[in-house]
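**Q** Below is a structure I'd like to ask you about.
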Amino acid sequence: MCGIIGYTGHRPAVPLLLEGLHRLEYRGYDSAGVAFVQQDKISIVKSAGKLSALEAKLADHPTLLATSGIGHTRWATHGLPVEKNAHPHLSEDGSIAIIHNGIIENFLEIKEELLAAGHTFLSDTDTEVLAHLIGHEIQNSTSILEAFSHALKKASGAYAVVMIAKEDPNTLYAARMSAPLLMGVGTGENFVASDIPAFLPYTREVIFLDDAEIAVVKTDSWKIYSLEGLAPVQKSISHIPWDMQAAAKDGYKHFMLKEIMEQPRVITDCLSGRVINDSHEMRVQLHELDGLPIPRRLHIVACGTSYNAGLWGRQLLENVGGIPTDLDIASEFRYRSPILLPDDAVMVISQSGETADTLAALRLAKEKGCPVIGLCNVVGSSIARESDVVLYTQAGPEISVASTKAMCSQMTLITLMALYFAQRRGRKNDPLLHALCLLPNQLSEILPSLKKTAERLAIAFSGARNFFYLGRGQCHALALEGALKLKELSYIHAEGYAFGEMKHGPIALIDHDFPTFALALNNELFSKVRSNIQEVLARQGRIIALVQAEDGVLPDLNVEEMWVLPPSHPATAGFLALPALQLFSYAMADYLGKDVDQPRNLAKSVTVE
Ligand code: AGP
């Protein structure tokens with residue numbers, strides 16, 4: 001997610017903006033920029049890469065006279081991470097500059113209208129379109145505030161936006177819709193930012209903007225208005241007790257916990273602009289795939305958690321999308337001379353977009369003349385740039401080494417792909433699409449209780465030195481992921497296995513000291529899983545069973561711990577089970593005093609073979 005800071009007050013603005021952006025660096029970014037009003041004009045300095053590159057550029061610019069301005073670190077969602085796409089962006093006439101976090105879903109339609117009106121654009125971003133729209137509205141409005149609100153009402157999607165105007169140099173105009181934005185209230189100075197750390201050393205007095213609110217912030221006053229009708233809004237000021245380190249994690253103890261709890265928003269952002277719900281129908285749109293023939297066979301290739309997401313999604317791509325699909329670990333695929341036929345396609349999944357084995361698999365597929373679809377989170381990453389078609393998961397930067405929200409976003413995108421291919425075959429699956437859209441609220445409701453249960457169970461099972469994670473069908477993929485999380489975070493040996501395979505050898509390991517996490521979600525395989533659970537119980541195996549009530553009735557499994565999830569569509573149950581598995585591993589690692597965000601021996605992106 002982008003970092004945003006605005007300042008207006010009595011100090012030189014630019015050094016403060018840079019300081020604030022440095023405090024937001026943990027969020028991950030690929031370019032940065034500042035804008036400030038000086039000698040009756042707006043100056044903009046921006047650069048690709050890290051803040052040091054921006055600071056080097058600023059060394060040649062006199063900026064100390066400017067006492068208001070805006071600064072931005074960009075996490076690319078539209079347009080490569082290059083200087084022209086960095087924020088801030090100017091209106092056509094240079095009278096206003098904006099910075100933005102979020103996604104303007106209808107920016108293409110707006111851009112076409114403005115192009116027809118003679119506008120010219122310098123970047124590929126949705127943000128520049130918004131800047132031009134505001135500038136256009138100013139021509140037809142009685143005030144900057146009125147123009148700002150008119151433009152925002154025309155834009156749809158998520159935004160946290162801050163603007164400066166040449167005509168009103170010491171005022172910040174800010175607005176939020178589904179993306180965090182807050183004010184820091186100082187003495188003779190005020191701040192606007194996406195995150196508390198940006199201004200915490202200067203003030204702990206904070207006003208949290210809510211959706212569809214506009215703030216007009218001057219050096220010694222501020223006013224909040226509703227977007228609709230510009231009615232004044234009363235807001236209270238909150239005092240922030242956090243220290244800097246805690247604030248970077250929004251008050252969570254670790255980035256991993258923050259990223260697990262972000263998953264409802266991650267699903268919302270991943271669906272943003274891809275589910276069209278107009279008056280008479282719901283449908284999926286994935287324009288990126290429109291030019292690609294429906295593959296005869298899809299080969300999914302990935303590593304680690306991304307591989308587990310692909311395994312989870314294979315069943316949907318086949319059963320819903322009608323696409324024959326197979327799966328390979330990238331480090332195996334790249335050396336086994338795979339046979340790829342002319343109408344096949346390869347799909348590589350990678351959060352970082354830099355995993356060496358996955359990148360090598362992509363290059364091998366292309367050498368064999370096979371089109372490659374990339375599912376990535378990092379815009380402009382190597383895999384994103386070398387894929388023939390790239391679909392971004394839009395999960396925001398994932399800081400913790402253990403991948404959590406990335407898998408949730410990958411599962412969301414694969415489900416959309418299955419529905420998309422079904423649509424192209426003339427088939428619909430409204431119940432699944434509807435269930436997908438319900439997930440953010442469902443997940444928000446259960447995350448706090450999942451966290452509490454995970455903490456209790458982690459303590460109860462903290463003596464275990466081994467763990468089985470067992471499941472069938474899509475739960476087999478979740479079992480692999482749960483085991484991966486436990487072993488990489490708590491260093492407890494954990495093995496994910498297909499439940500039906502246990503009787504072919506591994507069940508010999510079961511005894512009282514080798515507990516099992518059984519994934520027994522409601523689907524057509526439940527009765528088989530119930531039998532497998534009995535086989536484990538017959539050997540004195542301790543079991544935590546992750547289950548769902550059916551019509552309000554819990555399964556009678558006679559296990560030590562029954563962890564109950566709410567009922568759901570069979571194909572979306574995995575989204576409810578995944579955070580339970582993540583939180584159990586998180587709680588175990590935290591209880592055992594491990595380095596949760598930086599586990600030993602691991603890197604966030606494995607860029608070596
Ligand atoms: C998962 O928690 C690990 N961090 C690791 O397995 C990771 O998923 C794997 O290295 C793949 O990374 P990628 O998605 O960036 O390609």
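How things are named: the first chain in the structure tokens is A, the next is B, and so on; residues count from 1 in each chain; ligands count from 1 in the order shown.
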What residues have any atom no more than 6 Å from ligand 1 when counting only C-alpha atoms and all ligand atoms, and can you list them as a PyMOL selection string?
**A** chain A and resi 303-306+350-353+355+401-403+604-606
**Q** Okay, now the selection with N, CA and C atoms, as a PDB file, in the first residue's frame?
**A**
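Output file part_5.pdb is given in full below:
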```pdb
ATOM      1  N   CYS A 303       6.153 -22.148  -6.024  1.00  0.00           N
ATOM      2  CA  CYS A 303       6.912 -22.662  -4.878  1.00  0.00           C
ATOM      3  C   CYS A 303       6.154 -22.362  -3.586  1.00  0.00           C
ATOM      4  N   GLY A 304       6.431 -23.140  -2.560  1.00  0.00           N
ATOM      5  CA  GLY A 304       5.982 -22.850  -1.206  1.00  0.00           C
ATOM      6  C   GLY A 304       4.482 -22.572  -1.109  1.00  0.00           C
ATOM      7  N   THR A 305       4.179 -21.501  -0.416  1.00  0.00           N
ATOM      8  CA  THR A 305       2.771 -21.138  -0.202  1.00  0.00           C
ATOM      9  C   THR A 305       2.052 -20.915  -1.527  1.00  0.00           C
ATOM     10  N   SER A 306       2.756 -20.320  -2.484  1.00  0.00           N
ATOM     11  CA  SER A 306       2.122 -20.076  -3.794  1.00  0.00           C
ATOM     12  C   SER A 306       1.763 -21.385  -4.472  1.00  0.00           C
ATOM     13  N   SER A 350       3.417 -16.214  -7.908  1.00  0.00           N
ATOM     14  CA  SER A 350       4.519 -15.733  -7.072  1.00  0.00           C
ATOM     15  C   SER A 350       4.178 -14.393  -6.428  1.00  0.00           C
ATOM     16  N   GLN A 351       4.158 -14.348  -5.115  1.00  0.00           N
ATOM     17  CA  GLN A 351       3.908 -13.100  -4.400  1.00  0.00           C
ATOM     18  C   GLN A 351       4.966 -12.065  -4.740  1.00  0.00           C
ATOM     19  N   SER A 352       6.215 -12.448  -4.603  1.00  0.00           N
ATOM     20  CA  SER A 352       7.320 -11.495  -4.809  1.00  0.00           C
ATOM     21  C   SER A 352       7.572 -11.210  -6.276  1.00  0.00           C
ATOM     22  N   GLY A 353       7.251 -12.215  -7.112  1.00  0.00           N
ATOM     23  CA  GLY A 353       7.565 -12.062  -8.534  1.00  0.00           C
ATOM     24  C   GLY A 353       9.045 -12.168  -8.820  1.00  0.00           C
ATOM     25  N   THR A 355      11.008 -15.066  -7.310  1.00  0.00           N
ATOM     26  CA  THR A 355      11.496 -16.409  -6.942  1.00  0.00           C
ATOM     27  C   THR A 355      12.221 -17.044  -8.117  1.00  0.00           C
ATOM     28  N   VAL A 401       7.993 -12.635   6.574  1.00  0.00           N
ATOM     29  CA  VAL A 401       8.551 -13.685   5.700  1.00  0.00           C
ATOM     30  C   VAL A 401       7.506 -14.764   5.450  1.00  0.00           C
ATOM     31  N   ALA A 402       6.743 -15.106   6.469  1.00  0.00           N
ATOM     32  CA  ALA A 402       5.705 -16.128   6.293  1.00  0.00           C
ATOM     33  C   ALA A 402       4.567 -15.530   5.480  1.00  0.00           C
ATOM     34  N   SER A 403       4.269 -16.175   4.375  1.00  0.00           N
ATOM     35  CA  SER A 403       3.262 -15.635   3.461  1.00  0.00           C
ATOM     36  C   SER A 403       1.869 -15.972   3.969  1.00  0.00           C
ATOM     37  N   LYS A 604      12.435 -13.557   2.538  1.00  0.00           N
ATOM     38  CA  LYS A 604      11.098 -13.246   2.032  1.00  0.00           C
ATOM     39  C   LYS A 604      10.969 -13.610   0.559  1.00  0.00           C
ATOM     40  N   SER A 605      12.052 -13.419  -0.159  1.00  0.00           N
ATOM     41  CA  SER A 605      11.986 -13.772  -1.570  1.00  0.00           C
ATOM     42  C   SER A 605      13.229 -14.600  -1.898  1.00  0.00           C
ATOM     43  N   VAL A 606      13.008 -15.850  -2.372  1.00  0.00           N
ATOM     44  CA  VAL A 606      14.137 -16.763  -2.603  1.00  0.00           C
ATOM     45  C   VAL A 606      14.639 -16.565  -4.027  1.00  0.00           C
TER      46      VAL A 606
END
```
**Q** Per DSSP on the backbone, what are the strand (DSSP E) residues of region 237-292 of chain A, as a list of chain:residue names?
**A** A:Ser238, A:His239, A:Val275, A:Ile276, A:Asn277, A:Asp278, A:Glu281, A:Met282, A:Arg283, A:Val284
**Q** Hey, which of A:Asp513, A:Asp126, A:Glu19, A:Glu354 ends up closest to Gly3 (chain A)? Count only C-alpha atoms.
**A**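 Selected residue with least distance to Gly3 (chain A): A:Glu19.
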**Q** Identify which of the residues A:Tyr307, A:Gln474, A:Thr77, A:Ala86 lies closest to Val390 (chain A), counting only C-alpha atoms when measuring atom-to-atom distances.
**A** A:Thr77
**Q** Apply DSSP to the backbone of this structure and, from region 234-411 of chain A, keep only the residues in helix (DSSP H, G or I); write these as an MDAnalysis selection string.
**A** chainID A and resid 244:248 255:261 263:271 287:290 304:319 330:333 356:367 382:386 405:411
**Q** Do you know which residues are at most 8 Å from region 491-496 of chain A counting only C-alpha atoms, after dropping those on the same chain fewer than 3 positions away, and could you put them as a list in words?
**A**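 Near region 491-496 of chain A, the qualifying residues are Ala464, Arg465, Asn466, Phe467, Phe468, Tyr469, Leu470, His476, Ala479, Leu480, Glu481, Gly482, Ala483, Leu484, Leu486, Lys487 and Glu488 of chain A.
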**Q** Give me the residues near Lys503 (chain A) as a ChimeraX atom specification, where near means some atom within 10 Å (using only C-alpha atoms) and where sequence neighbours in that chain fewer than 6 positions away do not count.
**A** /A:532,535-536
**Q** Give me the residues near Glu455 (chain A) as a PyMOL selection string, where near means some atom within 12 Å (using only C-alpha atoms) and where sequence neighbours in that chain fewer than 5 positions away do not count.
**A** chain A and resi 448-450+460-462+580-592
**Q** Taking into account only C-alpha atoms, which residue in the set A:Ile267, A:Ala116, A:Cys475, A:Leu317 is nearest to Leu439 (chain A)?
**A** A:Ile267
